[in-house]
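Written out below as structure tokens is the structure these notes cover.
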Amino acid sequence: LRKVQLIGHRGSKAENIPENSVMAFKRAMMVGVDVIELDVWLTSDKEVVVFHDGAFKRMCGGIDGHVNDTAFADLPSLVPETEECAENARKLEKEQFKRFAKGDAFRIPKFSEVLALIPPEMGLIVEFKDDRDVDLLIEKTQALLKDVGRTTAGNTVVFSLKMRINKKLQQACPTLPTICSVEEFLITYIYYYLGILPFMALSYNIFGCTSQKITAEVIKEELDAMPMWLCRLLNVFVGGKPSKAFMCPNVVDHLADRACPCWLLGVNEEVDVPIIPKLHASGCLTDRPGWLKEKMGKGGGLGFGGQLGGEAAAAVDASDVKLDV
């Protein structure tokens with residue numbers, strides 16, 4: 001039985017609970033995730049909070065405003081994106097009041113509160129979204145992680161989808177492994193198809209490969225500086241669901257031999273599940289951890305939990321930090 005890490009994206013993003021809420025994290029732990037993924041920002045009074053977009057519009061009922069410009073005490077409430085989601089959250093509060101406090105689903109939490117909630121032995125992935133004062137965000141987040149012993153425990157990963165922030169994280173937090181940014185992801189495949197990947201140094205510790213549908217619009221969203229004509233050209237080679245150019249077990253196996261595990265990102269539909277063994281992924285990030293836990297529990301040659309197999313649990317950087325998530 002192959003062991004694969006089950007990673008709850010923003011807790012349980014697509015299971016009728018507001019993402020990145022205290023309730024979402026509690027629910028993800030209840031269904032048995034191995035790792036929690038979340039996003040951090042700084043408020044105007046320099047509190048580290050857990051939130052995804054930065055702008056309030058999508059998750060706070062369409063109101064204007066931004067986390068960076070708002071003090072923690074003035075942050076708006078979370079407003080579920082659908083009435084079904086709101087009803088489910090209220091139902092859980094009422095029926096499982098011993099687990100969920102009133103308001104767990106409807107507020108933006110401090111990072112320190114979420115850290116206190118997650119067991120110290122559980123894996124944690126912290127994504128850095130804030131580009132306005134990222135140096136201070138990194139400093140404060142690292143201090144909070146250090147306070148709970150997560151900077152040396154080997155079960156915490158930090159990263160950004162932006163390579164410039166990843167580089168800052170690698171410099172400021174050398175004991176914490178990073179996942180590849182979008183640019184590093186693309187560079188890895190360019191090296192592979194040029195036949196030079198074995199000779200190139202890796203700038204990250206974990207390879208994150210997406211299973212989502214690749215379009216020119218998706219490429220533009222992730223690589224905003226790239227002209228749209230170039231995004232369309234790139235999409236000719238890498239577009240589709242899943243992208244045939246990216247579904248390459250040889251890349252994953254090579255990286256695993258270099259103690260760099262691969263995690264499949266966006267396992268949210270039936271069609272995504274068979275990709276896990278085909279790609280030889282050792283972890284999968286999902287918006288639906290309860291659904292995926294049940295799905296994989298029915299068999300199919302995969303199981304959740306346990307250590308990363310092979311050399312993927314070896315030291316991931318020069319600081320000899322062991323990756324146990």
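Residue numbering restarts at 1 in every chain; chains get A, B, ... in the order shown in the structure tokens, and ligands count up from 1 in that same order.
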Residue list (strand (DSSP E), DSSP) for stretch 74-310 of chain A, as a list of chain:residue names: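 Filtering stretch 74-310 of chain A down to strand (DSSP E) leaves A:Gly123, A:Leu124, A:Ile125, A:Val126, A:Glu127, A:Phe128, A:Thr156, A:Val157, A:Val158, A:Phe159, A:Phe207, A:Gly208, A:Cys209, A:Thr210, A:Cys262, A:Trp263, A:Leu264, A:Leu265, A:Gly283, A:Cys284, A:Leu285, A:Thr286, A:Leu302, A:Gly303, A:Phe304.
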Residue contacts of stretch 100-113 of chain A (10 Å, only C-alpha atoms) excluding same-chain residues fewer than 6 positions away, as a PyMOL selection string: chain A and resi 17-27+38-43+47-51+59-60+67+72+75-80+85-86+88-90+92-94+126+141+144-145+147-148
Rank A:Lys140, A:His254, A:His52, A:Lys129 by their smallest atom-to-atom distance to A:Met163, using only C-alpha atoms, and report the top residue only.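 Ranking A:Lys140, A:His254, A:His52, A:Lys129 by distance to A:Met163, first place goes to A:Lys129.
Among the candidates A:Leu233, A:Leu124, A:Leu176, A:Leu169, the one nearest to A:Glu139 when counting only C-alpha atoms is A:Leu169.
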Expressed in Å to a single decimal, how great is the separation between atom CA of A:Ile36 and atom CA of A:Ile165? 20.7 Å
Work out how far atom CA of A:Leu255 is from atom CA of A:Leu197, in Å to one decimal.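 That distance, rounded to one decimal, is 9.3 Å.
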Shell of 6 Å around A:Phe159, only C-alpha atoms, local chain residues under 2 positions omitted, as number ranges by chain: A: 127, 166, 178-179
Same residues, N, CA, C and O atoms, output as a PDB file, in the first residue's frame:
```pdb
ATOM      1  N   GLU A 127       1.482  29.541   3.114  1.00  0.00           N
ATOM      2  CA  GLU A 127       1.718  30.257   1.864  1.00  0.00           C
ATOM      3  C   GLU A 127       1.692  31.763   2.119  1.00  0.00           C
ATOM      4  O   GLU A 127       0.774  32.276   2.761  1.00  0.00           O
ATOM      5  N   ASN A 166       9.758  33.403  -2.601  1.00  0.00           N
ATOM      6  CA  ASN A 166      10.387  32.141  -2.219  1.00  0.00           C
ATOM      7  C   ASN A 166      11.862  32.340  -1.880  1.00  0.00           C
ATOM      8  O   ASN A 166      12.381  31.754  -0.926  1.00  0.00           O
ATOM      9  N   THR A 178      10.824  24.673   1.285  1.00  0.00           N
ATOM     10  CA  THR A 178       9.904  25.432   0.445  1.00  0.00           C
ATOM     11  C   THR A 178       9.385  24.569  -0.698  1.00  0.00           C
ATOM     12  O   THR A 178      10.052  23.637  -1.149  1.00  0.00           O
ATOM     13  N   ILE A 179       8.182  24.912  -1.158  1.00  0.00           N
ATOM     14  CA  ILE A 179       7.610  24.311  -2.363  1.00  0.00           C
ATOM     15  C   ILE A 179       7.970  25.223  -3.535  1.00  0.00           C
ATOM     16  O   ILE A 179       8.106  26.431  -3.378  1.00  0.00           O
TER      17      ILE A 179
END
```
Excluding A:Leu223 and residues on its chain fewer than 5 positions from it, collect all residues at most 12 Å away from it, counting only C-alpha atoms, and give them as an MDAnalysis selection string. chainID A and resid 161:163 181:186 216:218 228 230:231 234
Name the residues in contact with A:Gly290 at a cut-off of 9 Å, using only C-alpha atoms, excluding same-chain residues fewer than 4 positions from it; report them as a list in words.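 The neighbour list is Ser12, Glu15, Arg27, Ala28, Met30, Val31, Gly32, Val33, Glu294 and Lys295 of chain A.
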Could those residues be written to a file, using N, CA, C and O atoms, as a CSV table (one decimal), in the first residue's frame?
```csv
chain,number,residue,atom,x,y,z
A,12,SER,N,-10.6,23.0,4.5
A,12,SER,CA,-11.5,22.2,3.7
A,12,SER,C,-12.3,23.2,2.8
A,12,SER,O,-13.5,23.4,3.0
A,15,GLU,N,-16.0,22.2,1.0
A,15,GLU,CA,-16.9,21.2,1.7
A,15,GLU,C,-17.9,22.0,2.5
A,15,GLU,O,-18.1,21.6,3.7
A,27,ARG,N,-12.5,21.0,10.9
A,27,ARG,CA,-13.2,20.0,10.1
A,27,ARG,C,-12.2,19.2,9.4
A,27,ARG,O,-12.3,17.9,9.3
A,28,ALA,N,-11.1,19.8,8.8
A,28,ALA,CA,-10.1,19.0,8.1
A,28,ALA,C,-9.4,18.1,9.1
A,28,ALA,O,-9.1,16.9,8.7
A,30,MET,N,-10.7,16.7,11.7
A,30,MET,CA,-11.7,15.7,12.1
A,30,MET,C,-11.7,14.6,11.0
A,30,MET,O,-11.9,13.4,11.4
A,31,VAL,N,-11.5,14.9,9.7
A,31,VAL,CA,-11.6,13.9,8.7
A,31,VAL,C,-10.3,13.2,8.5
A,31,VAL,O,-10.2,12.2,7.8
A,32,GLY,N,-9.2,13.7,9.2
A,32,GLY,CA,-8.0,13.0,9.2
A,32,GLY,C,-6.9,13.4,8.2
A,32,GLY,O,-6.1,12.6,7.7
A,33,VAL,N,-6.8,14.7,7.9
A,33,VAL,CA,-5.7,15.2,7.0
A,33,VAL,C,-4.4,15.0,7.8
A,33,VAL,O,-4.3,15.0,9.0
A,294,GLU,N,-12.4,9.5,2.0
A,294,GLU,CA,-13.4,8.4,1.8
A,294,GLU,C,-13.1,7.7,0.4
A,294,GLU,O,-13.1,6.5,0.4
A,295,LYS,N,-12.8,8.5,-0.6
A,295,LYS,CA,-12.5,7.9,-1.9
A,295,LYS,C,-11.3,7.0,-1.9
A,295,LYS,O,-11.4,5.9,-2.4
```
